[in-house]
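K.L.:
Contents of input_5.pdb (PDB, C-alpha atoms, pLDDT in the B column):
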MODEL        1
ATOM      1  CA  ARG A   1      -8.518  -6.458 -12.258  1.00 90.00           C
ATOM      2  CA  GLU A   2      -7.815  -4.620  -9.024  1.00 91.00           C
ATOM      3  CA  ILE A   3      -5.333  -2.265 -10.695  1.00 95.00           C
ATOM      4  CA  ALA A   4      -7.802  -1.555 -13.514  1.00 96.00           C
ATOM      5  CA  LYS A   5     -10.597  -0.861 -11.019  1.00 95.00           C
ATOM      6  CA  PHE A   6      -8.544   1.560  -8.927  1.00 94.00           C
ATOM      7  CA  GLU A   7      -7.155   3.291 -12.014  1.00 96.00           C
ATOM      8  CA  ALA A   8     -10.723   3.791 -13.287  1.00 96.00           C
ATOM      9  CA  ASP A   9     -11.747   5.132  -9.855  1.00 92.00           C
ATOM     10  CA  TRP A  10      -8.860   7.596  -9.911  1.00 91.00           C
ATOM     11  CA  ARG A  11      -9.568   8.718 -13.479  1.00 92.00           C
ATOM     12  CA  ALA A  12     -13.274   9.193 -12.688  1.00 90.00           C
ATOM     13  CA  HIS A  13     -12.388  12.023 -10.297  1.00 82.00           C
ATOM     14  CA  GLY A  14     -10.376  13.914 -12.908  1.00 79.00           C
ATOM     15  CA  LEU A  15      -7.552  14.880 -10.545  1.00 80.00           C
ATOM     16  CA  PRO A  16      -4.460  15.069 -12.765  1.00 86.00           C
ATOM     17  CA  SER A  17      -1.236  13.577 -11.430  1.00 90.00           C
ATOM     18  CA  ALA A  18       1.909  12.700 -13.333  1.00 94.00           C
ATOM     19  CA  SER A  19       2.891  10.454 -10.415  1.00 94.00           C
ATOM     20  CA  MET A  20      -0.328   8.474 -10.627  1.00 94.00           C
ATOM     21  CA  GLU A  21      -0.070   8.181 -14.433  1.00 96.00           C
ATOM     22  CA  THR A  22       3.475   6.871 -14.082  1.00 97.00           C
ATOM     23  CA  ALA A  23       2.622   4.526 -11.216  1.00 97.00           C
ATOM     24  CA  TYR A  24      -0.319   2.890 -12.972  1.00 97.00           C
ATOM     25  CA  ALA A  25       1.699   2.519 -16.189  1.00 97.00           C
ATOM     26  CA  TRP A  26       4.644   0.965 -14.284  1.00 98.00           C
ATOM     27  CA  LEU A  27       2.380  -1.407 -12.343  1.00 98.00           C
ATOM     28  CA  LYS A  28       0.699  -2.654 -15.536  1.00 97.00           C
ATOM     29  CA  ARG A  29       4.019  -2.965 -17.384  1.00 98.00           C
ATOM     30  CA  ASN A  30       5.498  -5.016 -14.519  1.00 98.00           C
ATOM     31  CA  ILE A  31       2.396  -7.072 -13.683  1.00 97.00           C
ATOM     32  CA  ALA A  32       4.451 -10.306 -13.806  1.00 97.00           C
ATOM     33  CA  LEU A  33       5.898  -9.287 -10.420  1.00 97.00           C
ATOM     34  CA  ALA A  34       2.428  -9.696  -8.914  1.00 96.00           C
ATOM     35  CA  ASP A  35       2.600 -13.436  -9.539  1.00 95.00           C
ATOM     36  CA  GLY A  36       3.829 -15.665  -6.770  1.00 94.00           C
ATOM     37  CA  PRO A  37       2.705 -17.914  -3.956  1.00 94.00           C
ATOM     38  CA  ARG A  38      -0.880 -17.618  -2.755  1.00 95.00           C
ATOM     39  CA  ALA A  39      -2.013 -17.305   0.842  1.00 95.00           C
ATOM     40  CA  LEU A  40      -4.529 -15.497   2.993  1.00 96.00           C
ATOM     41  CA  ILE A  41      -3.344 -11.879   3.059  1.00 96.00           C
ATOM     42  CA  HIS A  42      -4.581  -8.987   5.179  1.00 95.00           C
ATOM     43  CA  LYS A  43      -4.007  -6.131   2.670  1.00 93.00           C
ATOM     44  CA  ASP A  44      -3.832  -3.425   5.398  1.00 91.00           C
ATOM     45  CA  PRO A  45      -1.343  -4.675   8.025  1.00 91.00           C
ATOM     46  CA  GLY A  46      -0.185  -1.359   9.501  1.00 87.00           C
ATOM     47  CA  CYS A  47       0.305  -0.413  13.143  1.00 87.00           C
ATOM     48  CA  HIS A  48      -3.239   0.984  13.117  1.00 89.00           C
ATOM     49  CA  ASN A  49      -4.446  -2.615  12.829  1.00 92.00           C
ATOM     50  CA  MET A  50      -2.153  -4.211  15.399  1.00 91.00           C
ATOM     51  CA  LEU A  51      -2.401  -4.816  19.133  1.00 94.00           C
ATOM     52  CA  ALA A  52       0.698  -5.717  21.099  1.00 92.00           C
ATOM     53  CA  HIS A  53       1.188  -7.260  24.507  1.00 93.00           C
ATOM     54  CA  GLU A  54       4.525  -7.483  26.320  1.00 92.00           C
ATOM     55  CA  ASP A  55       6.469  -6.237  23.283  1.00 86.00           C
ATOM     56  CA  ARG A  56       4.951  -8.822  20.941  1.00 86.00           C
ATOM     57  CA  LEU A  57       2.275  -8.594  18.307  1.00 86.00           C
ATOM     58  CA  SER A  58      -0.733 -10.347  19.782  1.00 92.00           C
ATOM     59  CA  VAL A  59      -3.600  -9.494  17.398  1.00 94.00           C
ATOM     60  CA  LEU A  60      -3.958  -8.302  13.817  1.00 93.00           C
ATOM     61  CA  LEU A  61      -7.299  -6.476  13.523  1.00 95.00           C
ATOM     62  CA  ASP A  62      -9.594  -5.272  10.764  1.00 93.00           C
ATOM     63  CA  TRP A  63      -9.772  -8.117   8.253  1.00 94.00           C
ATOM     64  CA  GLU A  64     -12.482  -6.733   5.916  1.00 92.00           C
ATOM     65  CA  THR A  65     -10.003  -6.320   3.026  1.00 91.00           C
ATOM     66  CA  ALA A  66      -8.491  -9.809   3.418  1.00 95.00           C
ATOM     67  CA  ALA A  67      -8.204 -11.969   0.320  1.00 95.00           C
ATOM     68  CA  ILE A  68      -6.264 -14.810  -1.211  1.00 96.00           C
ATOM     69  CA  GLY A  69      -3.214 -13.243  -2.810  1.00 95.00           C
ATOM     70  CA  ASN A  70       0.541 -12.963  -2.946  1.00 97.00           C
ATOM     71  CA  PRO A  71       2.069 -12.492   0.545  1.00 97.00           C
ATOM     72  CA  ALA A  72       4.431  -9.964  -1.078  1.00 97.00           C
ATOM     73  CA  GLN A  73       1.459  -7.572  -1.010  1.00 97.00           C
ATOM     74  CA  ASP A  74       1.413  -7.465   2.797  1.00 96.00           C
ATOM     75  CA  LEU A  75       5.226  -7.279   2.880  1.00 97.00           C
ATOM     76  CA  GLY A  76       5.252  -4.358   0.451  1.00 97.00           C
ATOM     77  CA  TYR A  77       2.585  -2.600   2.494  1.00 94.00           C
ATOM     78  CA  VAL A  78       4.674  -2.762   5.694  1.00 95.00           C
ATOM     79  CA  TYR A  79       8.115  -2.355   4.099  1.00 96.00           C
ATOM     80  CA  ALA A  80       8.689   1.314   5.035  1.00 93.00           C
ATOM     81  CA  LEU A  81       7.352   0.714   8.552  1.00 92.00           C
ATOM     82  CA  MET A  82       9.629  -2.262   9.130  1.00 93.00           C
ATOM     83  CA  LEU A  83      12.677  -0.266   7.992  1.00 94.00           C
ATOM     84  CA  GLN A  84      11.957   2.094  10.892  1.00 93.00           C
ATOM     85  CA  LEU A  85      11.824  -0.785  13.363  1.00 91.00           C
ATOM     86  CA  CYS A  86      14.583  -3.172  12.270  1.00 93.00           C
ATOM     87  CA  GLU A  87      16.843  -4.253   9.443  1.00 96.00           C
ATOM     88  CA  TRP A  88      14.829  -5.694   6.549  1.00 96.00           C
ATOM     89  CA  ARG A  89      17.011  -8.804   6.329  1.00 96.00           C
ATOM     90  CA  GLU A  90      16.326  -9.490  10.030  1.00 96.00           C
ATOM     91  CA  PHE A  91      12.607  -9.062   9.478  1.00 95.00           C
ATOM     92  CA  MET A  92      12.662 -11.382   6.460  1.00 97.00           C
ATOM     93  CA  ALA A  93      14.701 -13.978   8.384  1.00 96.00           C
ATOM     94  CA  ALA A  94      12.064 -13.969  11.136  1.00 95.00           C
ATOM     95  CA  TYR A  95       9.347 -14.121   8.469  1.00 95.00           C
ATOM     96  CA  ALA A  96      10.965 -17.174   6.872  1.00 96.00           C
ATOM     97  CA  GLU A  97      11.544 -18.809  10.267  1.00 96.00           C
ATOM     98  CA  ALA A  98       7.838 -18.370  11.040  1.00 94.00           C
ATOM     99  CA  GLY A  99       6.983 -20.236   7.832  1.00 95.00           C
ATOM    100  CA  GLY A 100       6.614 -17.402   5.330  1.00 95.00           C
ATOM    101  CA  PRO A 101       7.448 -18.272   1.712  1.00 95.00           C
ATOM    102  CA  ALA A 102      10.531 -16.952  -0.073  1.00 94.00           C
ATOM    103  CA  ILE A 103       9.656 -13.602  -1.652  1.00 96.00           C
ATOM    104  CA  GLU A 104      11.842 -11.682  -4.095  1.00 96.00           C
ATOM    105  CA  GLN A 105      12.664  -8.064  -3.211  1.00 96.00           C
ATOM    106  CA  ALA A 106      11.393  -6.991  -6.640  1.00 97.00           C
ATOM    107  CA  GLN A 107       7.952  -8.313  -5.661  1.00 98.00           C
ATOM    108  CA  VAL A 108       8.060  -6.431  -2.351  1.00 97.00           C
ATOM    109  CA  ASP A 109       8.994  -3.270  -4.287  1.00 97.00           C
ATOM    110  CA  TYR A 110       6.121  -3.857  -6.719  1.00 98.00           C
ATOM    111  CA  TYR A 111       3.613  -4.160  -3.914  1.00 97.00           C
ATOM    112  CA  GLU A 112       5.095  -1.233  -1.995  1.00 97.00           C
ATOM    113  CA  LEU A 113       4.375   0.936  -5.049  1.00 97.00           C
ATOM    114  CA  TRP A 114       0.949  -0.664  -5.397  1.00 96.00           C
ATOM    115  CA  GLY A 115       0.207   0.156  -1.741  1.00 94.00           C
ATOM    116  CA  TYR A 116       1.101   3.831  -2.234  1.00 94.00           C
ATOM    117  CA  THR A 117      -0.939   3.944  -5.450  1.00 95.00           C
ATOM    118  CA  TRP A 118      -3.933   2.264  -3.814  1.00 91.00           C
ATOM    119  CA  VAL A 119      -3.827   4.546  -0.770  1.00 90.00           C
ATOM    120  CA  ASN A 120      -3.360   7.650  -2.916  1.00 91.00           C
ATOM    121  CA  THR A 121      -6.370   6.664  -5.020  1.00 92.00           C
ATOM    122  CA  LYS A 122      -8.506   6.255  -1.881  1.00 89.00           C
ATOM    123  CA  VAL A 123      -7.286   9.589  -0.499  1.00 88.00           C
ATOM    124  CA  MET A 124      -8.109  11.306  -3.801  1.00 87.00           C
ATOM    125  CA  GLN A 125     -11.607   9.802  -3.627  1.00 85.00           C
ATOM    126  CA  ALA A 126     -12.046  11.172  -0.109  1.00 85.00           C
ATOM    127  CA  ARG A 127     -10.891  14.611  -1.244  1.00 83.00           C
ATOM    128  CA  ALA A 128     -13.248  14.649  -4.216  1.00 84.00           C
ATOM    129  CA  ALA A 129     -16.198  13.541  -2.057  1.00 84.00           C
ATOM    130  CA  PHE A 130     -15.426  16.205   0.551  1.00 85.00           C
ATOM    131  CA  GLU A 131     -15.007  18.988  -2.020  1.00 83.00           C
ATOM    132  CA  ALA A 132     -18.241  17.977  -3.756  1.00 85.00           C
ATOM    133  CA  GLY A 133     -20.112  18.125  -0.453  1.00 88.00           C
ATOM    134  CA  LEU A 134     -20.980  14.435  -0.613  1.00 89.00           C
ATOM    135  CA  VAL A 135     -19.439  13.904   2.839  1.00 86.00           C
ATOM    136  CA  ASP A 136     -18.875  16.408   5.599  1.00 85.00           C
ATOM    137  CA  GLU A 137     -16.610  14.379   7.862  1.00 84.00           C
ATOM    138  CA  ILE A 138     -13.461  16.209   8.813  1.00 84.00           C
ATOM    139  CA  ARG A 139     -11.495  12.981   8.221  1.00 80.00           C
ATOM    140  CA  ALA A 140     -12.313  13.167   4.505  1.00 80.00           C
ATOM    141  CA  GLY A 141     -11.155  16.774   4.363  1.00 80.00           C
ATOM    142  CA  PHE A 142      -7.976  15.900   6.256  1.00 82.00           C
ATOM    143  CA  ALA A 143      -7.315  12.975   3.931  1.00 79.00           C
ATOM    144  CA  GLY A 144      -7.774  15.175   0.894  1.00 77.00           C
ATOM    145  CA  THR A 145      -5.337  17.823   2.046  1.00 79.00           C
ATOM    146  CA  TYR A 146      -2.601  16.662   4.387  1.00 81.00           C
ATOM    147  CA  LEU A 147      -2.651  12.929   3.673  1.00 83.00           C
ATOM    148  CA  MET A 148      -2.843  13.405  -0.090  1.00 82.00           C
ATOM    149  CA  SER A 149       0.403  15.381  -0.163  1.00 85.00           C
ATOM    150  CA  ARG A 150       2.085  12.765   2.080  1.00 88.00           C
ATOM    151  CA  THR A 151       0.894   9.741   0.127  1.00 87.00           C
ATOM    152  CA  GLU A 152       1.770  11.272  -3.231  1.00 89.00           C
ATOM    153  CA  ALA A 153       5.270  12.143  -1.951  1.00 92.00           C
ATOM    154  CA  ARG A 154       5.796   8.519  -0.899  1.00 92.00           C
ATOM    155  CA  LEU A 155       4.504   7.374  -4.281  1.00 93.00           C
ATOM    156  CA  ARG A 156       6.957   9.689  -6.086  1.00 95.00           C
ATOM    157  CA  ASP A 157       9.880   8.543  -3.904  1.00 95.00           C
ATOM    158  CA  LYS A 158       9.175   4.891  -4.708  1.00 95.00           C
ATOM    159  CA  LEU A 159       8.844   5.660  -8.425  1.00 96.00           C
ATOM    160  CA  TYR A 160      12.256   7.361  -8.371  1.00 95.00           C
ATOM    161  CA  GLN A 161      13.735   4.191  -6.856  1.00 94.00           C
ATOM    162  CA  LEU A 162      12.122   1.921  -9.442  1.00 95.00           C
ATOM    163  CA  ILE A 163      12.523   3.898 -12.653  1.00 91.00           C
TER     164      ILE A 163
ENDMDL
END
Is it possible to give me this structure as structure tokens?
P.N.:
Amino acid sequence: REIAKFEADWRAHGLPSASMETAYAWLKRNIALADGPRALIHKDPGCHNMLAHEDRLSVLLDWETAAIGNPAQDLGYVYALMLQLCEWREFMAAYAEAGGPAIEQAQVDYYELWGYTWVNTKVMQARAAFEAGLVDEIRAGFAGTYLMSRTEARLRDKLYQLI
């Protein structure tokens, strides 16, 4: 349902994108990868939502998007970030040691693509709202220009890895 909703949101703005067409088609074709264990997930666990103290994560903020879902969604969302900080196998070993369920890499890849698709859809919405004069916040204009090119590039890179 979530994929269908975001795809409809993207299509409603009429911004053509071969990357988005391909991403939504791939996500729907591989929907079985979305299945897995269920837990409380954050759905936006980036550094922008973390506070650290003495080199340790102490608080995860901003829980308004939280839901019951597959923990692979949060792992896919932070995958690229974690690769900048440590080896993925080390991260996953610590995740398992802390009680996280076993997650297949294919599921992490699925949700990494979903994260880029979701973010790109939201950025496209911000751009369309800004260009239509519905919002005048500079953040919406910034999202629609700079961030849109960045998020779509990440989306394309992940598609190249998967296809």
K.L.:
Rank nothing, just name the residue among A:Thr117, A:Gln73, A:Thr22, A:Gln84 nearest to His42 in chain A, using only C-alpha atoms.
P.N.:
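Comparing A:Thr117, A:Gln73, A:Thr22, A:Gln84 against His42 in chain A, the winner is A:Gln73.
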K.L.:
Closest to Arg150 in chain A among A:Ala12, A:Ile163, A:Val119, A:Ala4, using only C-alpha atoms?
P.N.:
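For Arg150 in chain A, the nearest of the candidates is A:Val119.
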K.L.:
Check which residues satisfy the PyMOL selection byres ((chain A and resi 121) around 8) in the file shown, then give them as a VMD selection string.
P.N.:
chain A and resid 6 to 7 9 to 10 117 to 120 122 to 125
K.L.:
Can I get the selected residues back with C-alpha atoms, as a PDB file, in the frame of the given file?
P.N.:
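Listing of part30.pdb after writing:
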ATOM      1  CA  PHE A   6      -8.544   1.560  -8.927  1.00 94.00           C
ATOM      2  CA  GLU A   7      -7.155   3.291 -12.014  1.00 96.00           C
ATOM      3  CA  ASP A   9     -11.747   5.132  -9.855  1.00 92.00           C
ATOM      4  CA  TRP A  10      -8.860   7.596  -9.911  1.00 91.00           C
ATOM      5  CA  THR A 117      -0.939   3.944  -5.450  1.00 95.00           C
ATOM      6  CA  TRP A 118      -3.933   2.264  -3.814  1.00 91.00           C
ATOM      7  CA  VAL A 119      -3.827   4.546  -0.770  1.00 90.00           C
ATOM      8  CA  ASN A 120      -3.360   7.650  -2.916  1.00 91.00           C
ATOM      9  CA  LYS A 122      -8.506   6.255  -1.881  1.00 89.00           C
ATOM     10  CA  VAL A 123      -7.286   9.589  -0.499  1.00 88.00           C
ATOM     11  CA  MET A 124      -8.109  11.306  -3.801  1.00 87.00           C
ATOM     12  CA  GLN A 125     -11.607   9.802  -3.627  1.00 85.00           C
TER      13      GLN A 125
END
K.L.:
For CA of His13 in chain A and CA of Tyr111 in chain A, quote the distance in Å rounded to one decimal.
P.N.:
23.6 Å
K.L.:
Find the residue from A:Trp63, A:Glu90, A:Thr151, A:Ala128 that sits nearest to Arg11 in chain A; use all atoms listed in the file when measuring.
P.N.:
A:Ala128
K.L.:
Run the PyMOL selection byres ((chain A and resi 46-59) around 9) against the file shown and list the residues it catches, as a PyMOL selection string.
P.N.:
chain A and resi 44-45+60-63+77-78+81
K.L.:
Distance CA of Asn30 in chain A-CA of Tyr110 in chain A, one decimal place?
P.N.:
7.9 Å
K.L.:
Padding 4 Å on every side, please: axis-aligned box over the listed atoms of range 151-156 of chain A, centre and edge lengths to one decimal in Å, as lines of an AutoDock Vina configuration file.
P.N.:
center_x = 3.9
center_y = 9.8
center_z = -3.0
size_x = 14.1
size_y = 12.8
size_z = 14.2
K.L.:
Enumerate, as JSON, numbers by chain, the residues matched when the PyMOL selection byres ((chain A and resi 41) around 8) is run on the file above.
P.N.:
{"A": [39, 40, 42, 43, 66, 67, 68, 69, 70, 71, 73, 74]}
K.L.:
Between CA of Leu159 in chain A and CA of Ala23 in chain A, measure the distance and give it in Å to one decimal.
P.N.:
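So the answer is 6.9 Å.
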K.L.:
Using only C-alpha atoms, find the one residue out of A:Phe130, A:Phe91, A:Tyr116, A:Phe142 that sits nearest to Leu155 in chain A.
P.N.:
A:Tyr116
K.L.:
I need range 136-149 of chain A written out with all heavy atoms, as a PDB file, in the first residue's frame; please produce it.
P.N.:
ATOM      1  N   ASP A 136       6.475  28.938   0.168  1.00  0.00           N
ATOM      2  CA  ASP A 136       7.541  29.868  -0.178  1.00  0.00           C
ATOM      3  C   ASP A 136       8.784  29.678   0.687  1.00  0.00           C
ATOM      4  O   ASP A 136       9.676  30.507   0.691  1.00  0.00           O
ATOM      5  CB  ASP A 136       7.063  31.311  -0.109  1.00  0.00           C
ATOM      6  CG  ASP A 136       6.589  31.717   1.274  1.00  0.00           C
ATOM      7  OD1 ASP A 136       6.642  30.890   2.211  1.00  0.00           O
ATOM      8  OD2 ASP A 136       6.146  32.871   1.418  1.00  0.00           O
ATOM      9  N   GLU A 137       8.843  28.563   1.391  1.00  0.00           N
ATOM     10  CA  GLU A 137      10.007  28.274   2.220  1.00  0.00           C
ATOM     11  C   GLU A 137      11.198  27.934   1.336  1.00  0.00           C
ATOM     12  O   GLU A 137      11.085  27.150   0.398  1.00  0.00           O
ATOM     13  CB  GLU A 137       9.737  27.089   3.145  1.00  0.00           C
ATOM     14  CG  GLU A 137       8.767  27.391   4.259  1.00  0.00           C
ATOM     15  CD  GLU A 137       8.634  26.202   5.189  1.00  0.00           C
ATOM     16  OE1 GLU A 137       9.633  25.482   5.398  1.00  0.00           O
ATOM     17  OE2 GLU A 137       7.526  25.999   5.687  1.00  0.00           O
ATOM     18  N   ILE A 138      12.321  28.513   1.670  1.00  0.00           N
ATOM     19  CA  ILE A 138      13.533  28.254   0.902  1.00  0.00           C
ATOM     20  C   ILE A 138      13.928  26.781   0.956  1.00  0.00           C
ATOM     21  O   ILE A 138      14.500  26.244   0.011  1.00  0.00           O
ATOM     22  CB  ILE A 138      14.686  29.178   1.355  1.00  0.00           C
ATOM     23  CG1 ILE A 138      15.829  29.143   0.351  1.00  0.00           C
ATOM     24  CG2 ILE A 138      15.160  28.805   2.744  1.00  0.00           C
ATOM     25  CD1 ILE A 138      15.501  29.710  -0.986  1.00  0.00           C
ATOM     26  N   ARG A 139      13.581  26.087   2.061  1.00  0.00           N
ATOM     27  CA  ARG A 139      13.904  24.661   2.162  1.00  0.00           C
ATOM     28  C   ARG A 139      13.230  23.858   1.060  1.00  0.00           C
ATOM     29  O   ARG A 139      13.816  22.912   0.528  1.00  0.00           O
ATOM     30  CB  ARG A 139      13.506  24.112   3.528  1.00  0.00           C
ATOM     31  CG  ARG A 139      14.377  24.625   4.657  1.00  0.00           C
ATOM     32  CD  ARG A 139      13.995  24.010   5.972  1.00  0.00           C
ATOM     33  NE  ARG A 139      12.627  24.389   6.307  1.00  0.00           N
ATOM     34  CZ  ARG A 139      11.960  23.949   7.349  1.00  0.00           C
ATOM     35  NH1 ARG A 139      12.512  23.087   8.164  1.00  0.00           N
ATOM     36  NH2 ARG A 139      10.738  24.350   7.592  1.00  0.00           N
ATOM     37  N   ALA A 140      12.002  24.222   0.697  1.00  0.00           N
ATOM     38  CA  ALA A 140      11.312  23.504  -0.378  1.00  0.00           C
ATOM     39  C   ALA A 140      11.997  23.763  -1.714  1.00  0.00           C
ATOM     40  O   ALA A 140      12.151  22.850  -2.528  1.00  0.00           O
ATOM     41  CB  ALA A 140       9.847  23.914  -0.432  1.00  0.00           C
ATOM     42  N   GLY A 141      12.421  24.990  -1.940  1.00  0.00           N
ATOM     43  CA  GLY A 141      13.149  25.299  -3.168  1.00  0.00           C
ATOM     44  C   GLY A 141      14.475  24.581  -3.233  1.00  0.00           C
ATOM     45  O   GLY A 141      14.877  24.056  -4.275  1.00  0.00           O
ATOM     46  N   PHE A 142      15.185  24.538  -2.108  1.00  0.00           N
ATOM     47  CA  PHE A 142      16.463  23.829  -2.024  1.00  0.00           C
ATOM     48  C   PHE A 142      16.259  22.346  -2.284  1.00  0.00           C
ATOM     49  O   PHE A 142      17.010  21.726  -3.043  1.00  0.00           O
ATOM     50  CB  PHE A 142      17.081  24.058  -0.643  1.00  0.00           C
ATOM     51  CG  PHE A 142      18.344  23.284  -0.397  1.00  0.00           C
ATOM     52  CD1 PHE A 142      19.542  23.688  -0.957  1.00  0.00           C
ATOM     53  CD2 PHE A 142      18.341  22.154   0.411  1.00  0.00           C
ATOM     54  CE1 PHE A 142      20.716  22.982  -0.732  1.00  0.00           C
ATOM     55  CE2 PHE A 142      19.506  21.446   0.647  1.00  0.00           C
ATOM     56  CZ  PHE A 142      20.690  21.855   0.074  1.00  0.00           C
ATOM     57  N   ALA A 143      15.231  21.780  -1.667  1.00  0.00           N
ATOM     58  CA  ALA A 143      14.946  20.355  -1.869  1.00  0.00           C
ATOM     59  C   ALA A 143      14.672  20.063  -3.329  1.00  0.00           C
ATOM     60  O   ALA A 143      15.132  19.050  -3.869  1.00  0.00           O
ATOM     61  CB  ALA A 143      13.762  19.924  -1.010  1.00  0.00           C
ATOM     62  N   GLY A 144      13.941  20.947  -3.973  1.00  0.00           N
ATOM     63  CA  GLY A 144      13.556  20.713  -5.363  1.00  0.00           C
ATOM     64  C   GLY A 144      14.662  20.914  -6.372  1.00  0.00           C
ATOM     65  O   GLY A 144      14.527  20.508  -7.521  1.00  0.00           O
ATOM     66  N   THR A 145      15.740  21.542  -5.973  1.00  0.00           N
ATOM     67  CA  THR A 145      16.844  21.744  -6.912  1.00  0.00           C
ATOM     68  C   THR A 145      18.019  20.851  -6.531  1.00  0.00           C
ATOM     69  O   THR A 145      18.223  19.801  -7.123  1.00  0.00           O
ATOM     70  CB  THR A 145      17.262  23.227  -6.957  1.00  0.00           C
ATOM     71  OG1 THR A 145      17.529  23.678  -5.627  1.00  0.00           O
ATOM     72  CG2 THR A 145      16.162  24.086  -7.557  1.00  0.00           C
ATOM     73  N   TYR A 146      18.746  21.247  -5.530  1.00  0.00           N
ATOM     74  CA  TYR A 146      19.966  20.528  -5.155  1.00  0.00           C
ATOM     75  C   TYR A 146      19.677  19.113  -4.677  1.00  0.00           C
ATOM     76  O   TYR A 146      20.261  18.147  -5.155  1.00  0.00           O
ATOM     77  CB  TYR A 146      20.726  21.303  -4.080  1.00  0.00           C
ATOM     78  CG  TYR A 146      21.910  20.552  -3.543  1.00  0.00           C
ATOM     79  CD1 TYR A 146      23.044  20.369  -4.317  1.00  0.00           C
ATOM     80  CD2 TYR A 146      21.881  19.991  -2.270  1.00  0.00           C
ATOM     81  CE1 TYR A 146      24.135  19.659  -3.841  1.00  0.00           C
ATOM     82  CE2 TYR A 146      22.970  19.282  -1.778  1.00  0.00           C
ATOM     83  CZ  TYR A 146      24.087  19.125  -2.568  1.00  0.00           C
ATOM     84  OH  TYR A 146      25.150  18.412  -2.091  1.00  0.00           O
ATOM     85  N   LEU A 147      18.773  18.968  -3.717  1.00  0.00           N
ATOM     86  CA  LEU A 147      18.522  17.638  -3.153  1.00  0.00           C
ATOM     87  C   LEU A 147      17.934  16.689  -4.182  1.00  0.00           C
ATOM     88  O   LEU A 147      18.228  15.496  -4.165  1.00  0.00           O
ATOM     89  CB  LEU A 147      17.608  17.722  -1.940  1.00  0.00           C
ATOM     90  CG  LEU A 147      18.239  18.242  -0.659  1.00  0.00           C
ATOM     91  CD1 LEU A 147      17.214  18.233   0.471  1.00  0.00           C
ATOM     92  CD2 LEU A 147      19.461  17.453  -0.269  1.00  0.00           C
ATOM     93  N   MET A 148      17.097  17.197  -5.086  1.00  0.00           N
ATOM     94  CA  MET A 148      16.485  16.315  -6.073  1.00  0.00           C
ATOM     95  C   MET A 148      17.550  15.683  -6.962  1.00  0.00           C
ATOM     96  O   MET A 148      17.497  14.482  -7.231  1.00  0.00           O
ATOM     97  CB  MET A 148      15.473  17.070  -6.914  1.00  0.00           C
ATOM     98  CG  MET A 148      14.661  16.160  -7.789  1.00  0.00           C
ATOM     99  SD  MET A 148      13.224  17.013  -8.375  1.00  0.00           S
ATOM    100  CE  MET A 148      13.064  16.258  -9.943  1.00  0.00           C
ATOM    101  N   SER A 149      18.542  16.452  -7.386  1.00  0.00           N
ATOM    102  CA  SER A 149      19.580  15.865  -8.231  1.00  0.00           C
ATOM    103  C   SER A 149      20.405  14.848  -7.442  1.00  0.00           C
ATOM    104  O   SER A 149      20.784  13.800  -7.974  1.00  0.00           O
ATOM    105  CB  SER A 149      20.478  16.955  -8.826  1.00  0.00           C
ATOM    106  OG  SER A 149      21.155  17.648  -7.809  1.00  0.00           O
TER     107      SER A 149
END
